[in-house]
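Enquirer: Got a file for you: entry05.cif, mmCIF, C-alpha atoms and all ligand atoms.
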data_run
#
loop_
_atom_site.group_PDB
_atom_site.id
_atom_site.type_symbol
_atom_site.label_atom_id
_atom_site.label_comp_id
_atom_site.auth_asym_id
_atom_site.auth_seq_id
_atom_site.Cartn_x
_atom_site.Cartn_y
_atom_site.Cartn_z
ATOM 1 C CA MET A 1285 -17.777 53.414 1.976
ATOM 2 C CA PRO A 1286 -17.940 52.056 5.520
ATOM 3 C CA ILE A 1287 -18.115 55.429 7.220
ATOM 4 C CA SER A 1288 -20.409 54.433 10.063
ATOM 5 C CA ASN A 1289 -17.852 54.230 12.887
ATOM 6 C CA ILE A 1290 -15.926 57.356 12.001
ATOM 7 C CA SER A 1291 -16.015 60.217 14.482
ATOM 8 C CA LEU A 1292 -14.567 63.706 14.565
ATOM 9 C CA GLN A 1293 -13.003 63.935 18.010
ATOM 10 C CA LYS A 1294 -12.353 67.359 19.476
ATOM 11 C CA ILE A 1295 -9.030 67.554 21.295
ATOM 12 C CA GLU A 1296 -8.810 69.531 24.540
ATOM 13 C CA SER A 1297 -5.555 70.640 26.106
ATOM 14 C CA ASN A 1298 -4.024 73.600 27.901
ATOM 15 C CA LEU A 1299 -1.793 74.315 24.944
ATOM 16 C CA LEU A 1300 -4.762 74.511 22.563
ATOM 17 C CA THR A 1301 -6.716 76.753 24.935
ATOM 18 C CA GLN A 1302 -3.731 79.017 25.444
ATOM 19 C CA LYS A 1303 -3.040 79.300 21.700
ATOM 20 C CA LYS A 1304 -6.760 79.567 20.842
ATOM 21 C CA ILE A 1305 -6.547 76.714 18.349
ATOM 22 C CA ASN A 1306 -9.393 74.377 17.567
ATOM 23 C CA LEU A 1307 -8.058 70.859 16.889
ATOM 24 C CA ALA A 1308 -10.029 67.760 15.982
ATOM 25 C CA ILE A 1309 -9.026 64.312 14.807
ATOM 26 C CA LEU A 1310 -10.983 62.430 12.168
ATOM 27 C CA ARG A 1311 -10.863 58.905 13.560
ATOM 28 C CA LEU A 1312 -10.623 56.718 10.458
ATOM 29 C CA ASP A 1313 -8.817 54.256 12.733
ATOM 30 C CA LYS A 1314 -12.193 53.419 14.245
ATOM 31 C CA ILE A 1315 -13.427 51.820 11.030
ATOM 32 C CA HIS A 1316 -11.480 48.685 11.852
ATOM 33 C CA GLU A 1317 -9.106 47.509 14.565
ATOM 34 C CA HIS A 1318 -6.379 46.294 12.207
ATOM 35 C CA VAL A 1319 -7.096 47.835 8.836
ATOM 36 C CA SER A 1320 -5.894 51.388 8.113
ATOM 37 C CA GLY A 1321 -8.893 53.567 7.370
ATOM 38 C CA ASN A 1322 -7.251 55.485 4.550
ATOM 39 C CA LYS A 1323 -6.401 52.230 2.775
ATOM 40 C CA LEU A 1324 -10.077 51.305 2.540
ATOM 41 C CA PHE A 1325 -10.831 54.658 0.946
ATOM 42 C CA LYS A 1326 -7.924 54.291 -1.489
ATOM 43 C CA LEU A 1327 -9.095 50.811 -2.482
ATOM 44 C CA HIS A 1328 -12.732 51.767 -2.944
ATOM 45 C CA TYR A 1329 -12.745 52.443 -6.706
ATOM 46 C CA TYR A 1330 -10.211 49.719 -7.535
ATOM 47 C CA VAL A 1331 -12.486 47.168 -5.896
ATOM 48 C CA GLU A 1332 -15.590 48.663 -7.503
ATOM 49 C CA GLU A 1333 -13.869 48.258 -10.857
ATOM 50 C CA CYS A 1334 -12.897 44.671 -10.075
ATOM 51 C CA LEU A 1335 -16.490 43.846 -9.097
ATOM 52 C CA GLN A 1336 -17.527 44.819 -12.638
ATOM 53 C CA SER A 1337 -15.017 42.359 -14.133
ATOM 54 C CA ASN A 1338 -15.405 38.664 -14.904
ATOM 55 C CA HIS A 1339 -12.207 37.621 -13.158
ATOM 56 C CA LYS A 1340 -13.127 39.078 -9.747
ATOM 57 C CA THR A 1341 -9.473 38.962 -8.712
ATOM 58 C CA VAL A 1342 -7.267 41.706 -7.305
ATOM 59 C CA LEU A 1343 -3.489 41.467 -7.390
ATOM 60 C CA THR A 1344 -1.336 43.893 -5.457
ATOM 61 C CA PHE A 1345 2.058 44.356 -3.811
ATOM 62 C CA GLY A 1346 3.670 45.082 -0.466
ATOM 63 C CA GLY A 1347 6.314 44.297 2.119
ATOM 64 C CA ALA A 1348 5.948 41.973 5.100
ATOM 65 C CA TYR A 1349 4.451 44.761 7.251
ATOM 66 C CA SER A 1350 2.312 46.398 4.602
ATOM 67 C CA ASN A 1351 -0.919 47.980 5.849
ATOM 68 C CA HIS A 1352 -1.981 48.085 2.208
ATOM 69 C CA LEU A 1353 -1.780 44.295 1.843
ATOM 70 C CA VAL A 1354 -3.945 43.631 4.920
ATOM 71 C CA ALA A 1355 -6.489 46.213 3.821
ATOM 72 C CA THR A 1356 -6.681 44.634 0.369
ATOM 73 C CA ALA A 1357 -7.071 41.143 1.845
ATOM 74 C CA PHE A 1358 -9.776 42.423 4.182
ATOM 75 C CA LEU A 1359 -11.825 44.285 1.574
ATOM 76 C CA CYS A 1360 -11.571 41.506 -1.028
ATOM 77 C CA ASN A 1361 -12.636 38.970 1.581
ATOM 78 C CA LYS A 1362 -15.646 41.096 2.409
ATOM 79 C CA LYS A 1363 -16.606 41.541 -1.246
ATOM 80 C CA ASN A 1364 -15.982 37.910 -2.204
ATOM 81 C CA ILE A 1365 -13.122 38.790 -4.502
ATOM 82 C CA LYS A 1366 -9.999 36.656 -4.835
ATOM 83 C CA SER A 1367 -6.836 38.459 -3.696
ATOM 84 C CA ILE A 1368 -3.209 37.821 -4.578
ATOM 85 C CA GLY A 1369 -0.413 39.566 -2.685
ATOM 86 C CA ILE A 1370 3.028 39.801 -4.246
ATOM 87 C CA VAL A 1371 5.345 40.126 -1.247
ATOM 88 C CA ARG A 1372 8.784 41.744 -1.392
ATOM 89 C CA GLY A 1373 11.590 39.398 -0.327
ATOM 90 C CA GLU A 1374 12.058 35.677 0.266
ATOM 91 C CA GLU A 1375 9.480 33.767 2.272
ATOM 92 C CA PRO A 1376 10.535 33.879 5.945
ATOM 93 C CA ALA A 1377 10.366 30.850 8.236
ATOM 94 C CA GLN A 1378 7.905 32.738 10.413
ATOM 95 C CA LEU A 1379 5.341 34.974 8.706
ATOM 96 C CA SER A 1380 4.917 38.481 10.143
ATOM 97 C CA HIS A 1381 1.619 39.084 11.940
ATOM 98 C CA THR A 1382 0.626 41.249 8.954
ATOM 99 C CA LEU A 1383 1.112 38.419 6.488
ATOM 100 C CA GLN A 1384 -0.569 35.937 8.835
ATOM 101 C CA LYS A 1385 -3.632 38.201 8.801
ATOM 102 C CA CYS A 1386 -3.537 38.433 5.014
ATOM 103 C CA LYS A 1387 -3.432 34.662 4.757
ATOM 104 C CA ALA A 1388 -6.232 34.203 7.254
ATOM 105 C CA LEU A 1389 -8.337 36.534 5.114
ATOM 106 C CA GLY A 1390 -7.768 34.289 2.114
ATOM 107 C CA MET A 1391 -5.051 36.210 0.319
ATOM 108 C CA ILE A 1392 -2.710 34.105 -1.801
ATOM 109 C CA LEU A 1393 0.859 35.181 -1.005
ATOM 110 C CA GLN A 1394 3.636 35.028 -3.581
ATOM 111 C CA PHE A 1395 7.126 35.910 -2.408
ATOM 112 C CA ILE A 1396 9.567 37.377 -4.915
ATOM 113 C CA SER A 1397 13.124 38.626 -4.563
ATOM 114 C CA ARG A 1398 13.745 42.295 -3.841
ATOM 115 C CA GLU A 1399 15.435 42.703 -7.233
ATOM 116 C CA GLN A 1400 12.451 41.273 -9.084
ATOM 117 C CA TYR A 1401 10.049 43.295 -6.960
ATOM 118 C CA LYS A 1402 11.770 46.548 -7.843
ATOM 119 C CA LYS A 1403 11.308 45.893 -11.547
ATOM 120 C CA ILE A 1404 7.524 45.689 -11.408
ATOM 121 C CA SER A 1405 6.435 49.210 -12.158
ATOM 122 C CA ASN A 1406 5.223 49.368 -15.744
ATOM 123 C CA ASP A 1407 2.443 47.995 -17.914
ATOM 124 C CA GLU A 1408 4.726 45.436 -19.516
ATOM 125 C CA GLU A 1409 5.463 43.884 -16.141
ATOM 126 C CA TYR A 1410 1.762 44.006 -15.295
ATOM 127 C CA LEU A 1411 0.990 42.023 -18.470
ATOM 128 C CA LEU A 1412 3.535 39.412 -17.469
ATOM 129 C CA LEU A 1413 1.896 39.119 -14.048
ATOM 130 C CA LYS A 1414 -1.485 38.583 -15.694
ATOM 131 C CA LYS A 1415 0.032 35.795 -17.785
ATOM 132 C CA MET A 1416 1.428 34.196 -14.646
ATOM 133 C CA TYR A 1417 -1.496 34.606 -12.267
ATOM 134 C CA GLY A 1418 -4.428 34.857 -14.662
ATOM 135 C CA ASN A 1419 -6.513 37.873 -15.560
ATOM 136 C CA CYS A 1420 -6.915 40.244 -12.619
ATOM 137 C CA SER A 1421 -7.222 43.878 -11.588
ATOM 138 C CA ILE A 1422 -3.780 45.121 -10.620
ATOM 139 C CA VAL A 1423 -3.617 47.690 -7.830
ATOM 140 C CA PRO A 1424 -0.267 49.525 -7.683
ATOM 141 C CA GLU A 1425 1.709 49.352 -4.428
ATOM 142 C CA GLY A 1426 0.080 51.498 -1.745
ATOM 143 C CA GLY A 1427 -2.910 52.127 -4.034
ATOM 144 C CA TYR A 1428 -0.830 54.804 -5.772
ATOM 145 C CA GLY A 1429 -2.862 55.807 -8.825
ATOM 146 C CA TYR A 1430 -5.732 57.988 -9.966
ATOM 147 C CA LEU A 1431 -8.379 55.596 -8.624
ATOM 148 C CA GLY A 1432 -6.609 55.526 -5.264
ATOM 149 C CA ALA A 1433 -6.606 59.318 -5.017
ATOM 150 C CA LYS A 1434 -10.226 59.485 -6.138
ATOM 151 C CA GLY A 1435 -11.150 57.021 -3.378
ATOM 152 C CA ALA A 1436 -9.242 59.045 -0.778
ATOM 153 C CA SER A 1437 -11.021 62.192 -1.952
ATOM 154 C CA LEU A 1438 -14.178 60.767 -0.361
ATOM 155 C CA ILE A 1439 -12.585 61.476 3.048
ATOM 156 C CA MET A 1440 -13.146 65.193 2.430
ATOM 157 C CA ASP A 1441 -16.888 64.578 1.992
ATOM 158 C CA ILE A 1442 -17.068 63.697 5.702
ATOM 159 C CA LEU A 1443 -15.664 67.138 6.532
ATOM 160 C CA LYS A 1444 -18.085 69.123 4.390
ATOM 161 C CA SER A 1445 -19.970 71.591 6.641
ATOM 162 C CA LYS A 1446 -17.240 71.375 9.315
ATOM 163 C CA ASN A 1447 -15.353 74.278 7.706
ATOM 164 C CA PRO A 1448 -11.803 73.483 8.787
ATOM 165 C CA SER A 1449 -9.085 76.013 7.990
ATOM 166 C CA HIS A 1450 -6.490 73.220 7.730
ATOM 167 C CA VAL A 1451 -6.742 69.496 7.007
ATOM 168 C CA CYS A 1452 -3.652 67.481 7.848
ATOM 169 C CA THR A 1453 -2.433 64.017 6.885
ATOM 170 C CA CYS A 1454 0.781 62.036 7.131
ATOM 171 C CA VAL A 1455 2.318 60.981 3.829
ATOM 172 C CA GLY A 1456 3.713 57.728 2.462
ATOM 173 C CA THR A 1457 2.961 57.459 -1.264
ATOM 174 C CA ALA A 1458 1.002 60.782 -1.167
ATOM 175 C CA THR A 1459 -2.099 59.106 -2.624
ATOM 176 C CA THR A 1460 -4.253 60.012 0.381
ATOM 177 C CA LEU A 1461 -2.882 63.535 0.288
ATOM 178 C CA ALA A 1462 -3.688 63.829 -3.432
ATOM 179 C CA GLY A 1463 -7.263 62.796 -2.666
ATOM 180 C CA LEU A 1464 -7.600 65.518 -0.013
ATOM 181 C CA CYS A 1465 -6.283 68.084 -2.506
ATOM 182 C CA MET A 1466 -8.755 66.912 -5.171
ATOM 183 C CA ASN A 1467 -11.791 67.535 -3.019
ATOM 184 C CA LYS A 1468 -10.884 70.587 -0.931
ATOM 185 C CA VAL A 1469 -12.716 73.893 -0.994
ATOM 186 C CA ALA A 1470 -10.928 77.177 -1.642
ATOM 187 C CA SER A 1471 -10.785 78.254 2.016
ATOM 188 C CA GLU A 1472 -9.050 75.045 3.145
ATOM 189 C CA LYS A 1473 -5.294 74.545 3.347
ATOM 190 C CA ILE A 1474 -3.947 71.011 3.254
ATOM 191 C CA ILE A 1475 -0.970 70.067 5.444
ATOM 192 C CA ALA A 1476 1.309 67.156 4.558
ATOM 193 C CA ILE A 1477 3.671 65.520 7.046
ATOM 194 C CA PRO A 1478 5.958 63.006 5.274
ATOM 195 C CA VAL A 1479 7.073 60.005 7.343
ATOM 196 C CA ILE A 1480 9.914 59.423 4.892
ATOM 197 C CA LYS A 1481 13.207 61.283 5.013
ATOM 198 C CA ASN A 1482 13.931 63.837 2.254
ATOM 199 C CA MET A 1483 10.717 63.340 0.370
ATOM 200 C CA LYS A 1484 11.158 65.877 -2.394
ATOM 201 C CA ASP A 1485 8.632 64.798 -5.000
ATOM 202 C CA ILE A 1486 5.336 65.440 -3.235
ATOM 203 C CA PHE A 1487 4.153 68.095 -5.678
ATOM 204 C CA THR A 1488 5.196 65.970 -8.671
ATOM 205 C CA ARG A 1489 3.299 63.014 -7.261
ATOM 206 C CA ILE A 1490 0.156 65.035 -6.715
ATOM 207 C CA GLU A 1491 0.320 66.440 -10.211
ATOM 208 C CA ALA A 1492 0.811 62.954 -11.663
ATOM 209 C CA LEU A 1493 -2.176 61.640 -9.711
ATOM 210 C CA THR A 1494 -4.591 64.543 -10.123
ATOM 211 C CA GLN A 1495 -3.267 66.940 -12.812
ATOM 212 C CA LEU A 1496 -3.583 69.645 -10.156
ATOM 213 C CA ASN A 1497 -1.067 72.284 -9.261
ATOM 214 C CA VAL A 1498 -1.499 72.675 -5.511
ATOM 215 C CA GLU A 1499 1.448 74.923 -4.654
ATOM 216 C CA LYS A 1500 -0.822 77.607 -3.202
ATOM 217 C CA ASP A 1501 -2.928 75.305 -1.062
ATOM 218 C CA LEU A 1502 -0.511 72.701 0.230
ATOM 219 C CA ILE A 1503 1.883 73.140 3.156
ATOM 220 C CA VAL A 1504 4.570 70.491 3.737
ATOM 221 C CA PHE A 1505 6.196 70.031 7.160
ATOM 222 C CA ASN A 1506 9.334 68.101 6.287
ATOM 223 C CA ASP A 1507 10.972 67.863 9.707
ATOM 224 C CA TYR A 1508 8.931 65.198 11.488
ATOM 225 C CA HIS A 1509 10.113 61.943 9.883
ATOM 226 C CA PHE A 1510 12.251 61.022 12.943
ATOM 227 C CA GLY A 1511 15.094 59.724 10.770
ATOM 228 C CA GLY A 1512 13.020 57.959 8.122
ATOM 229 C CA TYR A 1513 10.332 55.400 7.475
ATOM 230 C CA ALA A 1514 9.450 53.413 10.637
ATOM 231 C CA LYS A 1515 12.368 55.002 12.508
ATOM 232 C CA HIS A 1516 11.565 56.289 15.958
ATOM 233 C CA ASN A 1517 13.115 57.304 19.249
ATOM 234 C CA ALA A 1518 12.276 57.596 22.941
ATOM 235 C CA GLU A 1519 10.928 61.115 22.453
ATOM 236 C CA LEU A 1520 8.293 59.869 20.008
ATOM 237 C CA ILE A 1521 7.285 57.013 22.326
ATOM 238 C CA THR A 1522 6.975 59.430 25.261
ATOM 239 C CA PHE A 1523 4.846 61.692 23.095
ATOM 240 C CA MET A 1524 2.565 58.802 22.071
ATOM 241 C CA ASN A 1525 1.981 57.770 25.664
ATOM 242 C CA LYS A 1526 1.353 61.311 26.839
ATOM 243 C CA PHE A 1527 -0.962 62.064 23.915
ATOM 244 C CA TYR A 1528 -2.980 58.962 24.737
ATOM 245 C CA VAL A 1529 -3.256 59.801 28.431
ATOM 246 C CA ASP A 1530 -4.104 63.475 27.795
ATOM 247 C CA CYS A 1531 -6.341 63.167 24.732
ATOM 248 C CA ASN A 1532 -7.433 59.542 24.628
ATOM 249 C CA VAL A 1533 -6.195 59.007 21.084
ATOM 250 C CA PRO A 1534 -3.922 56.036 20.295
ATOM 251 C CA THR A 1535 -1.400 56.702 17.531
ATOM 252 C CA ASP A 1536 0.932 54.432 15.598
ATOM 253 C CA ILE A 1537 4.687 54.598 15.498
ATOM 254 C CA VAL A 1538 5.072 54.725 11.676
ATOM 255 C CA TYR A 1539 2.520 57.319 10.624
ATOM 256 C CA THR A 1540 0.064 59.056 12.913
ATOM 257 C CA ALA A 1541 2.359 59.668 15.912
ATOM 258 C CA LYS A 1542 4.719 61.657 13.679
ATOM 259 C CA MET A 1543 1.803 63.675 12.303
ATOM 260 C CA MET A 1544 0.434 64.545 15.763
ATOM 261 C CA TYR A 1545 3.900 65.311 17.107
ATOM 262 C CA GLY A 1546 4.451 67.642 14.163
ATOM 263 C CA ILE A 1547 1.125 69.442 14.506
ATOM 264 C CA MET A 1548 1.448 69.910 18.280
ATOM 265 C CA ASP A 1549 4.997 71.185 17.805
ATOM 266 C CA LYS A 1550 3.882 73.709 15.163
ATOM 267 C CA ILE A 1551 1.030 74.842 17.416
ATOM 268 C CA ALA A 1552 3.427 75.293 20.344
ATOM 269 C CA ASN A 1553 5.704 77.362 18.092
ATOM 270 C CA ASN A 1554 2.898 79.690 16.998
ATOM 271 C CA TYR A 1555 2.794 78.573 13.379
ATOM 272 C CA PHE A 1556 -1.006 78.771 13.297
ATOM 273 C CA GLU A 1557 -3.093 81.912 13.646
ATOM 274 C CA LYS A 1558 -5.471 82.185 16.591
ATOM 275 C CA GLY A 1559 -8.862 80.754 15.692
ATOM 276 C CA SER A 1560 -7.477 78.179 13.252
ATOM 277 C CA LYS A 1561 -9.644 75.080 12.913
ATOM 278 C CA ILE A 1562 -7.354 72.148 12.257
ATOM 279 C CA VAL A 1563 -8.523 68.644 11.419
ATOM 280 C CA CYS A 1564 -5.940 65.834 11.483
ATOM 281 C CA ILE A 1565 -6.839 62.642 9.649
ATOM 282 C CA HIS A 1566 -6.138 59.593 11.825
ATOM 283 C CA THR A 1567 -5.370 57.155 9.033
ATOM 284 C CA GLY A 1568 -5.150 54.105 11.339
ATOM 285 C CA GLY A 1569 -2.155 51.788 11.173
ATOM 286 C CA LEU A 1570 -2.294 50.865 14.854
ATOM 287 C CA GLN A 1571 -1.267 47.287 14.061
ATOM 288 C CA GLY A 1572 2.205 48.706 13.342
ATOM 289 C CA ASN A 1573 2.665 49.060 17.108
ATOM 290 C CA TYR A 1574 2.926 45.267 17.434
ATOM 291 C CA SER A 1575 6.510 45.626 16.311
ATOM 292 C CA LEU A 1576 7.332 47.392 19.619
ATOM 293 C CA PRO A 1577 8.410 45.415 22.704
ATOM 294 C CA ASP A 1578 5.553 44.641 25.105
ATOM 295 C CA GLY A 1579 5.001 47.392 27.645
ATOM 296 C CA THR A 1580 6.440 50.202 25.506
ATOM 297 C CA LEU A 1581 3.053 51.835 25.130
ATOM 298 C CA VAL A 1582 0.429 52.441 27.786
ATOM 299 C CA PHE A 1583 -2.369 51.572 25.343
HETATM 300 C C1 LIG B 1601 -0.428 53.776 4.224
HETATM 301 C C2 LIG B 1601 -0.649 54.689 5.342
HETATM 302 C C3 LIG B 1601 -0.435 56.072 5.207
HETATM 303 C C4 LIG B 1601 0.127 56.693 3.970
HETATM 304 O O1 LIG B 1601 -0.829 56.922 2.980
HETATM 305 P P1 LIG B 1601 -0.375 57.356 1.522
HETATM 306 O O2 LIG B 1601 -1.651 57.474 0.771
HETATM 307 O O3 LIG B 1601 0.471 56.234 0.968
HETATM 308 O O4 LIG B 1601 0.402 58.599 1.598
HETATM 309 C C5 LIG B 1601 -0.703 56.873 6.294
HETATM 310 N N1 LIG B 1601 -1.160 56.351 7.454
HETATM 311 C C6 LIG B 1601 -1.367 55.034 7.611
HETATM 312 C C7 LIG B 1601 -1.819 54.545 8.931
HETATM 313 C C8 LIG B 1601 -1.122 54.157 6.575
HETATM 314 O O5 LIG B 1601 -1.317 52.842 6.757
#
Taking this structure as input, can you express it in the form of structure tokens?
Expert:
Amino acid sequence: MPISNISLQKIESNLLTQKKINLAILRLDKIHEHVSGNKLFKLHYYVEECLQSNHKTVLTFGGAYSNHLVATAFLCNKKNIKSIGIVRGEEPAQLSHTLQKCKALGMILQFISREQYKKISNDEEYLLLKKMYGNCSIVPEGGYGYLGAKGASLIMDILKSKNPSHVCTCVGTATTLAGLCMNKVASEKIIAIPVIKNMKDIFTRIEALTQLNVEKDLIVFNDYHFGGYAKHNAELITFMNKFYVDCNVPTDIVYTAKMMYGIMDKIANNYFEKGSKIVCIHTGGLQGNYSLPDGTLVF
């Protein structure tokens, strides 16, 4: 894994001093400017598996703004593997910057209707895809699968010897979260902050991915989705700008800003005991901020 640029950044603020909380951010965003750090971890074993194959081709799925698609295109490009991206929806006249990046990295893009896209979720459909596009390793959308969780579990290796009391991540498919749960030690609690509204199946997802029952060790903060996936308001933008100025950490509008807002809010409201050592995983995703009008953010 490309863990060379990752740092664990200690956050200083009056609130943290006053509440006697130790907070650090694991900067997976520093691995690459455009590619979400957690996606590279999730893809690690899928790509390893593909490298053992004869076809040396990865096929995966995503929408026009999918961080997972760019990460797949990037990693396959680096490993000399062919990549095919099945994109949800009709081909637009103007490709999103995400899809432009994918293309520039050599990914072959195939647009399919939303109805067709929805249907692809089982092995039968996967077989059909292999007939259409040739033999390939199929990576489920968002890397959601055992190999994805196993890859994400490597993130916890970086934190060994740091002895956090809590490790926190934002949640989309819950694959990254499942990986953290797989590789935690008994003294650690894992905190999940969903960026999707009414996400009720987190524990089911983790069990499906890892066979683990994590009810005792996992805390879910369900109130920081800001209305749903990619939804945001002026309060979140103000928070992002202030957090950057105060702590020198850029966050993204879809994932990491909601996580940091949630954690800071819980700290302010005395959720954590004095002396807690919290590590938040900065999963990356900063390219998502391109969707905001110029000048919205100070970074
Ligand atoms: C995809 C993504 C997530 C969500 O990860 P899951 O494993 O799907 O829960 C979180 N943060 C960023 C920046 C992402 O790109």
Enquirer: Give the residues close to ligand LIG 1601 (chain B), within 10 Å, counting all atoms listed in the file; write them as an MDAnalysis selection string.
Expert: chainID A and resid 1312:1313 1318:1326 1349:1355 1425:1429 1432:1433 1436 1453:1463 1476:1479 1486 1535:1541 1543 1565:1572
Enquirer: As a check of understanding, name the residues that the PyMOL selection byres (((chain A and resi 1506) around 12) and not hetatm) selects in the supplied structure, as a PyMOL selection string.
Expert: chain A and resi 1454-1455+1475-1486+1503-1505+1507-1512+1542-1543+1546-1547+1550
Enquirer: Starting from the shown file, work through the PyMOL selection byres (((chain A and resi 1396) around 8) and not hetatm) and note down what comes out as a list in words.
Expert: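 Going through the file, the PyMOL selection byres (((chain A and resi 1396) around 8) and not hetatm) ends up selecting Ile1370, Val1371, Arg1372, Gly1373, Glu1374, Gln1394, Phe1395, Ser1397, Arg1398, Gln1400 and Tyr1401 of chain A.
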Enquirer: Would you output that residue set with C-alpha atoms, as an mmCIF file, in the coordinates of the input?
Expert:
data_model
loop_
_atom_site.group_PDB
_atom_site.id
_atom_site.type_symbol
_atom_site.label_atom_id
_atom_site.label_comp_id
_atom_site.auth_asym_id
_atom_site.auth_seq_id
_atom_site.Cartn_x
_atom_site.Cartn_y
_atom_site.Cartn_z
ATOM 1 C CA ILE A 1370 3.028 39.801 -4.246
ATOM 2 C CA VAL A 1371 5.345 40.126 -1.247
ATOM 3 C CA ARG A 1372 8.784 41.744 -1.392
ATOM 4 C CA GLY A 1373 11.590 39.398 -0.327
ATOM 5 C CA GLU A 1374 12.058 35.677 0.266
ATOM 6 C CA GLN A 1394 3.636 35.028 -3.581
ATOM 7 C CA PHE A 1395 7.126 35.910 -2.408
ATOM 8 C CA SER A 1397 13.124 38.626 -4.563
ATOM 9 C CA ARG A 1398 13.745 42.295 -3.841
ATOM 10 C CA GLN A 1400 12.451 41.273 -9.084
ATOM 11 C CA TYR A 1401 10.049 43.295 -6.960
#
Enquirer: Between atom CA of A:Leu1379 and atom CA of A:Asn1361, measure the distance and give it in Å to one decimal.
Expert: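 Taking atom CA of A:Leu1379 as the start and atom CA of A:Asn1361 as the end point, the length is 19.7 Å.
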Enquirer: Please provide the set of residues having any atom within 12 Å of A:Asp1441, restricted to all atoms listed in the file, with same-chain residues fewer than 4 positions apart removed, written as a PyMOL selection string.
Expert: chain A and resi 1285+1287+1310+1325+1434-1437+1445-1447+1463-1464+1466-1469
Enquirer: What is the distance, in Å and to one decimal place, between atom CA of A:Ser1471 and atom CA of A:Asn1289?
Expert: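 One can read the atom CA of A:Ser1471 to atom CA of A:Asn1289 distance as 27.3 Å.
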Enquirer: Counting all atoms listed in the file, which of A:Glu1375, A:Asp1549, A:Glu1491, A:Glu1332 gets nearest to A:Leu1520?
Expert: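 Result for the nearest residue to A:Leu1520: A:Asp1549.
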Enquirer: If you measure from atom CA of A:Gly1347 to atom CA of A:Ser1380, what distance in Å do you get, rounded to one decimal?
Expert: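 Spanning atom CA of A:Gly1347 to atom CA of A:Ser1380 is a straight-line distance of 10.0 Å.
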